[in-house]
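Undergrad: File name data.cif; file contents mmCIF, C-alpha atoms; full text below.
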```
data_my_file
#
loop_
_atom_site.group_PDB
_atom_site.id
_atom_site.type_symbol
_atom_site.label_atom_id
_atom_site.label_comp_id
_atom_site.auth_asym_id
_atom_site.auth_seq_id
_atom_site.Cartn_x
_atom_site.Cartn_y
_atom_site.Cartn_z
ATOM 1 C CA MET A 1 107.510 65.229 165.353
ATOM 2 C CA LEU A 2 107.520 69.014 165.633
ATOM 3 C CA ALA A 3 104.748 69.292 163.035
ATOM 4 C CA GLU A 4 102.659 66.650 164.789
ATOM 5 C CA GLY A 5 103.200 68.423 168.113
ATOM 6 C CA PHE A 6 101.784 71.651 166.686
ATOM 7 C CA GLY A 7 98.883 69.824 165.073
ATOM 8 C CA LEU A 8 100.214 70.304 161.535
ATOM 9 C CA SER A 9 100.632 67.779 158.741
ATOM 10 C CA GLY A 10 103.478 65.390 159.393
ATOM 11 C CA ILE A 11 103.233 64.098 155.816
ATOM 12 C CA VAL A 12 103.861 67.546 154.352
ATOM 13 C CA SER A 13 106.769 68.147 156.742
ATOM 14 C CA ILE A 14 108.388 64.856 155.727
ATOM 15 C CA LEU A 15 107.913 65.754 152.063
ATOM 16 C CA PHE A 16 109.496 69.181 152.584
ATOM 17 C CA THR A 17 112.386 67.599 154.520
ATOM 18 C CA GLY A 18 113.045 65.186 151.680
ATOM 19 C CA ILE A 19 113.072 68.008 149.129
ATOM 20 C CA VAL A 20 115.551 70.050 151.178
ATOM 21 C CA MET A 21 117.806 67.050 151.872
ATOM 22 C CA LYS A 22 117.872 66.109 148.192
ATOM 23 C CA ARG A 23 118.802 69.680 147.258
ATOM 24 C CA TYR A 24 121.504 70.310 149.877
ATOM 25 C CA THR A 25 122.393 67.286 152.046
ATOM 26 C CA PHE A 26 122.798 64.950 149.084
ATOM 27 C CA SER A 27 125.571 67.151 147.672
ATOM 28 C CA ASN A 28 127.664 66.673 150.819
ATOM 29 C CA LEU A 29 128.065 62.953 150.163
ATOM 30 C CA SER A 30 130.818 61.416 148.098
ATOM 31 C CA GLU A 31 130.036 60.045 144.648
ATOM 32 C CA ASP A 32 129.991 56.448 145.886
ATOM 33 C CA SER A 33 127.712 57.388 148.772
ATOM 34 C CA GLN A 34 125.408 59.275 146.426
ATOM 35 C CA ARG A 35 125.049 56.264 144.135
ATOM 36 C CA PHE A 36 124.484 53.914 147.072
ATOM 37 C CA THR A 37 121.982 56.237 148.755
ATOM 38 C CA ALA A 38 120.026 56.812 145.552
ATOM 39 C CA ALA A 39 119.840 53.068 144.849
ATOM 40 C CA LEU A 40 118.887 52.272 148.456
ATOM 41 C CA PHE A 41 116.052 54.781 148.664
ATOM 42 C CA HIS A 42 114.826 53.801 145.211
ATOM 43 C CA LEU A 43 114.611 50.212 146.433
ATOM 44 C CA LEU A 44 112.866 51.234 149.667
ATOM 45 C CA SER A 45 110.343 53.405 147.838
ATOM 46 C CA SER A 46 109.548 50.613 145.390
ATOM 47 C CA LEU A 47 109.070 48.115 148.226
ATOM 48 C CA ALA A 48 106.876 50.550 150.166
ATOM 49 C CA GLU A 49 104.735 51.303 147.125
ATOM 50 C CA THR A 50 104.410 47.608 146.325
ATOM 51 C CA PHE A 51 103.403 46.836 149.909
ATOM 52 C CA VAL A 52 100.736 49.554 149.912
ATOM 53 C CA PHE A 53 99.148 48.299 146.700
ATOM 54 C CA ILE A 54 99.265 44.692 147.934
ATOM 55 C CA TYR A 55 97.590 45.817 151.137
ATOM 56 C CA MET A 56 95.027 47.724 149.112
ATOM 57 C CA GLY A 57 94.270 44.638 147.052
ATOM 58 C CA PHE A 58 93.754 42.531 150.183
ATOM 59 C CA ASP A 59 91.523 45.242 151.621
ATOM 60 C CA ILE A 60 89.357 45.319 148.507
ATOM 61 C CA ALA A 61 89.014 41.525 148.374
ATOM 62 C CA MET A 62 88.672 40.662 152.071
ATOM 63 C CA GLU A 63 87.198 43.671 153.872
ATOM 64 C CA ARG A 64 83.573 44.642 153.711
ATOM 65 C CA GLN A 65 83.090 47.744 151.612
ATOM 66 C CA SER A 66 80.296 50.280 151.839
ATOM 67 C CA TRP A 67 78.797 50.481 148.363
ATOM 68 C CA SER A 68 75.462 51.908 149.464
ATOM 69 C CA HIS A 69 76.461 55.463 148.539
ATOM 70 C CA ILE A 70 77.174 55.128 144.815
ATOM 71 C CA GLY A 71 76.158 58.733 144.246
ATOM 72 C CA PHE A 72 78.784 59.891 146.738
ATOM 73 C CA ILE A 73 81.469 57.923 144.884
ATOM 74 C CA PHE A 74 80.336 59.257 141.492
ATOM 75 C CA PHE A 75 80.303 62.894 142.558
ATOM 76 C CA SER A 76 83.644 62.445 144.362
ATOM 77 C CA VAL A 77 85.228 61.474 141.051
ATOM 78 C CA ILE A 78 83.621 64.462 139.339
ATOM 79 C CA PHE A 79 84.673 66.881 142.060
ATOM 80 C CA ILE A 80 88.331 65.783 142.108
ATOM 81 C CA LEU A 81 88.512 66.294 138.343
ATOM 82 C CA VAL A 82 86.969 69.752 138.669
ATOM 83 C CA ALA A 83 89.207 70.646 141.619
ATOM 84 C CA ARG A 84 92.363 69.581 139.781
ATOM 85 C CA ALA A 85 91.298 71.545 136.711
ATOM 86 C CA ALA A 86 90.769 74.653 138.853
ATOM 87 C CA ASN A 87 94.170 74.128 140.451
ATOM 88 C CA VAL A 88 96.192 73.425 137.302
ATOM 89 C CA PHE A 89 94.678 75.976 134.936
ATOM 90 C CA SER A 90 94.533 78.818 137.453
ATOM 91 C CA CYS A 91 98.141 78.293 138.600
ATOM 92 C CA ALA A 92 99.321 77.995 134.992
ATOM 93 C CA PHE A 93 97.520 81.245 134.164
ATOM 94 C CA LEU A 94 99.296 83.078 136.995
ATOM 95 C CA VAL A 95 102.658 81.603 136.000
ATOM 96 C CA ASN A 96 102.185 82.594 132.363
ATOM 97 C CA LEU A 97 101.512 86.196 133.399
ATOM 98 C CA VAL A 98 105.123 86.633 134.516
ATOM 99 C CA ARG A 99 106.840 84.291 132.068
ATOM 100 C CA PRO A 100 108.163 85.326 128.664
ATOM 101 C CA PRO A 101 106.303 83.950 125.660
ATOM 102 C CA GLN A 102 109.050 81.416 124.933
ATOM 103 C CA ARG A 103 108.680 79.777 128.355
ATOM 104 C CA GLN A 104 104.946 79.851 128.939
ATOM 105 C CA ILE A 105 103.069 76.673 129.787
ATOM 106 C CA SER A 106 101.134 75.751 126.685
ATOM 107 C CA ARG A 107 97.533 74.611 126.691
ATOM 108 C CA GLN A 108 98.596 71.077 125.770
ATOM 109 C CA TYR A 109 100.902 70.844 128.790
ATOM 110 C CA GLN A 110 98.158 72.187 131.046
ATOM 111 C CA GLN A 111 95.764 69.542 129.806
ATOM 112 C CA ALA A 112 98.417 66.872 130.329
ATOM 113 C CA LEU A 113 99.000 68.071 133.899
ATOM 114 C CA TRP A 114 95.288 67.958 134.578
ATOM 115 C CA TYR A 115 94.791 64.516 133.073
ATOM 116 C CA SER A 116 97.756 62.875 134.812
ATOM 117 C CA GLY A 117 96.515 63.523 138.366
ATOM 118 C CA LEU A 118 96.560 60.087 139.996
ATOM 119 C CA ARG A 119 95.406 59.097 143.481
ATOM 120 C CA GLY A 120 97.290 56.282 145.156
ATOM 121 C CA ALA A 121 98.997 55.301 148.375
ATOM 122 C CA MET A 122 98.709 58.659 150.123
ATOM 123 C CA ALA A 123 94.953 58.961 149.567
ATOM 124 C CA PHE A 124 94.425 55.352 150.641
ATOM 125 C CA ALA A 125 96.436 55.818 153.860
ATOM 126 C CA LEU A 126 94.485 58.942 154.817
ATOM 127 C CA ALA A 127 91.155 57.288 154.032
ATOM 128 C CA LEU A 128 92.173 54.234 156.068
ATOM 129 C CA GLN A 129 92.767 56.494 159.060
ATOM 130 C CA SER A 130 89.315 58.029 158.648
ATOM 131 C CA VAL A 131 87.714 54.646 159.420
ATOM 132 C CA HIS A 132 88.847 55.022 163.034
ATOM 133 C CA ASP A 133 88.356 58.797 163.280
ATOM 134 C CA LEU A 134 84.834 59.176 161.880
ATOM 135 C CA PRO A 135 81.806 57.585 163.558
ATOM 136 C CA ASP A 136 78.640 55.918 162.235
ATOM 137 C CA GLY A 137 80.297 54.273 159.238
ATOM 138 C CA HIS A 138 81.204 57.539 157.515
ATOM 139 C CA GLY A 139 84.861 56.565 157.479
ATOM 140 C CA GLN A 140 84.056 53.260 155.771
ATOM 141 C CA THR A 141 82.117 55.135 153.100
ATOM 142 C CA ILE A 142 85.061 57.468 152.521
ATOM 143 C CA LEU A 143 87.418 54.477 152.351
ATOM 144 C CA SER A 144 85.258 52.728 149.745
ATOM 145 C CA ALA A 145 85.005 55.919 147.694
ATOM 146 C CA THR A 146 88.769 56.441 147.914
ATOM 147 C CA ILE A 147 89.495 52.872 146.828
ATOM 148 C CA SER A 148 87.189 53.353 143.833
ATOM 149 C CA ILE A 149 88.937 56.602 142.930
ATOM 150 C CA VAL A 150 92.391 55.028 143.291
ATOM 151 C CA VAL A 151 91.493 52.049 141.122
ATOM 152 C CA LEU A 152 89.871 54.306 138.524
ATOM 153 C CA THR A 153 92.733 56.800 138.306
ATOM 154 C CA VAL A 154 95.569 54.274 138.451
ATOM 155 C CA LEU A 155 94.127 51.756 136.004
ATOM 156 C CA LEU A 156 92.128 53.956 133.633
ATOM 157 C CA ILE A 157 93.901 57.317 133.703
ATOM 158 C CA GLY A 158 97.354 55.959 134.503
ATOM 159 C CA GLY A 159 97.095 53.304 131.819
ATOM 160 C CA SER A 160 96.071 55.811 129.164
ATOM 161 C CA THR A 161 98.434 58.642 130.144
ATOM 162 C CA SER A 162 101.076 57.780 127.531
ATOM 163 C CA THR A 163 98.435 57.695 124.790
ATOM 164 C CA MET A 164 97.042 61.015 126.026
ATOM 165 C CA LEU A 165 100.491 62.628 125.998
ATOM 166 C CA GLU A 166 101.088 61.474 122.438
ATOM 167 C CA ALA A 167 97.670 62.740 121.373
ATOM 168 C CA LEU A 168 98.410 66.159 122.885
ATOM 169 C CA HIS A 169 101.870 66.149 121.236
ATOM 170 C CA VAL A 170 103.530 66.645 124.620
ATOM 171 C CA VAL A 171 105.990 63.800 124.068
ATOM 172 C CA GLY A 172 107.700 63.094 120.777
ATOM 173 C CA ASP A 173 110.520 64.238 118.535
ATOM 174 C CA GLY A 174 109.185 67.742 117.923
ATOM 175 C CA ASN A 175 108.831 68.823 121.543
ATOM 176 C CA GLU A 176 112.427 69.564 122.473
ATOM 177 C CA GLY A 177 112.357 73.325 122.522
ATOM 178 C CA ARG A 178 115.326 75.527 123.234
ATOM 179 C CA ARG A 179 116.083 75.786 126.932
ATOM 180 C CA PRO A 180 118.802 77.788 128.647
ATOM 181 C CA SER A 181 121.833 75.586 129.225
ATOM 182 C CA SER A 182 122.786 76.936 132.641
ATOM 183 C CA LEU A 183 121.215 78.726 135.568
ATOM 184 C CA GLU A 184 122.970 81.982 134.758
ATOM 185 C CA ASP A 185 121.896 81.800 131.123
ATOM 186 C CA GLN A 186 118.341 81.147 132.254
ATOM 187 C CA GLU A 187 118.314 84.240 134.457
ATOM 188 C CA ASN A 188 119.739 86.411 131.665
ATOM 189 C CA TYR A 189 117.285 84.832 129.249
ATOM 190 C CA GLU A 190 114.347 85.608 131.501
ATOM 191 C CA GLY A 191 115.577 89.110 132.285
ATOM 192 C CA ASN A 192 116.004 90.074 128.642
ATOM 193 C CA ASN A 193 112.599 88.712 127.708
ATOM 194 C CA ASN A 194 110.915 90.360 130.653
ATOM 195 C CA ALA A 195 112.414 93.714 129.685
ATOM 196 C CA GLY A 196 111.178 93.269 126.128
ATOM 197 C CA ASN A 197 107.741 92.271 127.329
ATOM 198 C CA ILE A 198 107.490 95.339 129.559
ATOM 199 C CA GLU A 199 108.390 97.660 126.685
ATOM 200 C CA LEU A 200 105.963 95.910 124.398
ATOM 201 C CA GLY A 201 103.218 95.943 126.987
ATOM 202 C CA SER A 202 103.666 99.650 127.663
ATOM 203 C CA GLU A 203 102.692 100.310 124.085
ATOM 204 C CA GLU A 204 99.862 97.835 123.764
ATOM 205 C CA GLY A 205 98.702 97.165 127.303
ATOM 206 C CA THR A 206 95.483 99.051 127.784
ATOM 207 C CA SER A 207 93.266 96.404 129.318
ATOM 208 C CA THR A 208 93.155 95.483 132.985
ATOM 209 C CA THR A 209 94.827 92.124 132.321
ATOM 210 C CA SER A 210 97.716 93.780 130.502
ATOM 211 C CA LYS A 211 98.246 96.285 133.300
ATOM 212 C CA PHE A 212 98.167 93.515 135.890
ATOM 213 C CA LYS A 213 100.658 91.532 133.831
ATOM 214 C CA LEU A 214 102.974 94.527 133.552
ATOM 215 C CA LYS A 215 102.807 95.050 137.301
ATOM 216 C CA LEU A 216 103.739 91.440 137.981
ATOM 217 C CA GLN A 217 106.630 91.639 135.528
ATOM 218 C CA GLU A 218 107.936 94.792 137.182
ATOM 219 C CA ILE A 219 107.785 93.128 140.595
ATOM 220 C CA GLN A 220 109.573 90.093 139.212
ATOM 221 C CA LYS A 221 112.258 92.237 137.622
ATOM 222 C CA ASN A 222 112.920 94.249 140.784
ATOM 223 C CA THR A 223 112.824 91.273 143.155
ATOM 224 C CA PRO A 224 115.904 89.034 143.533
ATOM 225 C CA SER A 225 115.182 85.647 142.050
ATOM 226 C CA LEU A 226 115.030 82.508 144.148
ATOM 227 C CA ALA A 227 117.669 80.966 141.905
ATOM 228 C CA ALA A 228 120.138 83.738 142.759
ATOM 229 C CA LEU A 229 119.314 83.415 146.471
ATOM 230 C CA ASP A 230 119.892 79.685 146.300
ATOM 231 C CA ARG A 231 123.139 79.990 144.374
ATOM 232 C CA ASN A 232 124.681 82.829 146.395
ATOM 233 C CA TYR A 233 123.551 82.030 149.947
ATOM 234 C CA LEU A 234 121.730 78.747 150.540
ATOM 235 C CA THR A 235 123.938 76.375 148.559
ATOM 236 C CA PRO A 236 127.259 77.703 149.962
ATOM 237 C CA PHE A 237 125.843 77.576 153.494
ATOM 238 C CA PHE A 238 124.300 74.091 153.438
ATOM 239 C CA THR A 239 126.710 72.233 151.156
ATOM 240 C CA SER A 240 130.427 71.694 151.224
ATOM 241 C CA GLN A 241 132.235 72.693 148.075
ATOM 242 C CA ASN A 242 133.818 69.664 146.437
ATOM 243 C CA GLY A 243 136.340 71.921 144.789
ATOM 244 C CA ASP A 244 137.806 72.912 148.165
ATOM 245 C CA SER A 245 139.005 69.411 148.924
ATOM 246 C CA ASP A 246 140.406 69.071 145.425
ATOM 247 C CA ASP A 247 142.331 72.320 145.801
ATOM 248 C CA ASP A 248 143.779 71.150 149.103
ATOM 249 C CA GLU A 249 145.018 67.889 147.617
ATOM 250 C CA HIS A 250 146.450 69.428 144.430
ATOM 251 C CA GLY A 251 148.984 72.110 143.794
ATOM 252 C CA PRO A 252 148.531 75.190 141.653
ATOM 253 C CA ASN A 253 149.361 73.149 138.540
ATOM 254 C CA ARG A 254 146.710 70.528 139.451
ATOM 255 C CA GLU A 255 149.448 68.107 140.548
ATOM 256 C CA PRO A 256 149.045 66.090 143.752
ATOM 257 C CA ARG A 257 150.662 67.729 146.762
ATOM 258 C CA ARG A 258 153.454 65.784 148.363
ATOM 259 C CA SER A 259 153.307 64.971 152.027
ATOM 260 C CA ASN A 260 155.752 66.514 154.510
ATOM 261 C CA GLU A 261 157.401 63.118 155.110
ATOM 262 C CA LEU A 262 158.046 62.636 151.398
ATOM 263 C CA GLN A 263 159.502 66.140 151.062
ATOM 264 C CA ASP A 264 161.850 65.547 154.031
ATOM 265 C CA LEU A 265 163.119 62.300 152.511
ATOM 266 C CA GLU A 266 163.800 63.944 149.173
ATOM 267 C CA SER A 267 165.565 66.906 150.810
ATOM 268 C CA HIS A 268 168.001 64.529 152.559
ATOM 269 C CA GLY A 269 168.631 62.550 149.413
ATOM 270 C CA LEU A 270 166.910 59.420 150.710
ATOM 271 C CA PRO A 271 164.816 57.306 148.351
ATOM 272 C CA ALA A 272 161.107 57.468 148.954
ATOM 273 C CA ARG A 273 159.364 54.254 149.915
ATOM 274 C CA GLU A 274 156.961 52.829 147.380
ATOM 275 C CA THR A 275 153.413 53.215 148.619
ATOM 276 C CA GLY A 276 151.872 50.899 146.057
#
```
Just dump the structure as structure tokens.
TA:
Amino acid sequence: MLAEGFGLSGIVSILFTGIVMKRYTFSNLSEDSQRFTAALFHLLSSLAETFVFIYMGFDIAMERQSWSHIGFIFFSVIFILVARAANVFSCAFLVNLVRPPQRQISRQYQQALWYSGLRGAMAFALALQSVHDLPDGHGQTILSATISIVVLTVLLIGGSTSTMLEALHVVGDGNEGRRPSSLEDQENYEGNNNAGNIELGSEEGTSTTSKFKLKLQEIQKNTPSLAALDRNYLTPFFTSQNGDSDDDEHGPNREPRRSNELQDLESHGLPARETG
């Protein structure tokens, strides 16, 4: 509601809220509540997704579509592929500049990320709103183009994604590389490799790209990592530590603490009542 009041995207705010709640609020629940909540929201998300695709199917079959702008639909498909390629490959390039060689995003993974970009319920909902917002039938043209893109990406690209991943050798038995086992090991792993890369780059880095890479690595080395910020400040502030309740209920030898009533009975030599 706050995002809508300021004219921002309510969808993005809901997405960000869900990410934060999964990271921090979910840890405050008991194990039974976590299992129940995860199962409940998984069921709700499946029902919502199923409803959207059923609604989309009815819309394709029963509503009148605007197929007079085939060129617009064709170039829309081309442009979303080009835009996703520009997004994936450029972001992967920037990430690889500051990552050690062992953790860089390979070309095969970049191609898999580009190929697996599907359009579905979110694009259809936004295009459906454009029918009422745009005049002179422009919204209907956008809706028809979006439906074509959704059907094409979900059926064609989505149906062939597993085959594409196997062809790129992204999935399979030989793709389980060594990963740090814990967050602390990952930070030490990255720090050691970054230090080695800086020393190596100082000897070989003469080009502009190498100097820019060295500068980014120095900034990364001197800046506190987000993982350390999350572990030291955000997680303790937003989540309750499960170990605190365990320490309160158990003694120093990890034995259950006895209640004051039970200790009084034992001190007077009276038998304690069975609690079942």
Undergrad: Select, from A:Lys213, A:Gly18, A:Phe26, A:Ala127, the residue with the minimum atom-to-atom distance to Leu94 in chain A, counting only C-alpha atoms.
TA: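 Distance minimum relative to Leu94 in chain A lands on A:Lys213.
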Undergrad: Can you pull out the residues contacting range 56-61 of chain A? Cut-off 12 Å, using all atoms listed in the file, and skip same-chain residues under 3 positions away; I want them as a ChimeraX atom specification.
TA: /A:49-53,64-67,120-125,127-128,140,143-148,150-151
Undergrad: Would you mind reading off the distance between CA of Ser130 in chain A and CA of Leu2 in chain A, one decimal, in Å?
TA: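 Result for CA of Ser130 in chain A versus CA of Leu2 in chain A: 22.4 Å, one decimal.
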Undergrad: Would you kindly translate the PyMOL selection byres ((chain A and resi 25) around 12) into the concrete residues it picks from this file, as number ranges by chain?
TA: A: 17-24, 26-30, 33-34, 37, 234-241
Undergrad: When you look at Phe72 in chain A with a cut-off of 9 Å (counting only C-alpha atoms), what residues show up, excluding the ones that are within fewer than 3 positions of it in the same chain? I need them as a list in words.
TA: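 Once the nearby chain positions are removed, what remains is His69, Phe75, Ser76, Val77, Thr141, Ile142 and Ala145 of chain A.
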Undergrad: Just say which residues the PyMOL selection byres ((chain A and resi 116) around 7) picks in this file, as a ChimeraX atom specification.
TA: /A:112-115,117-118,157-158,161
Undergrad: Suppose you want the space between CA of Leu81 in chain A and CA of Val170 in chain A; what is it in Å?
TA: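 These two atoms are separated by 20.3 Å.
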Undergrad: Rounded to one decimal, what separation in Å do you get between CA of Leu15 in chain A and CA of Ala3 in chain A?
TA: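 Going from CA of Leu15 in chain A over to CA of Ala3 in chain A covers 12.0 Å.
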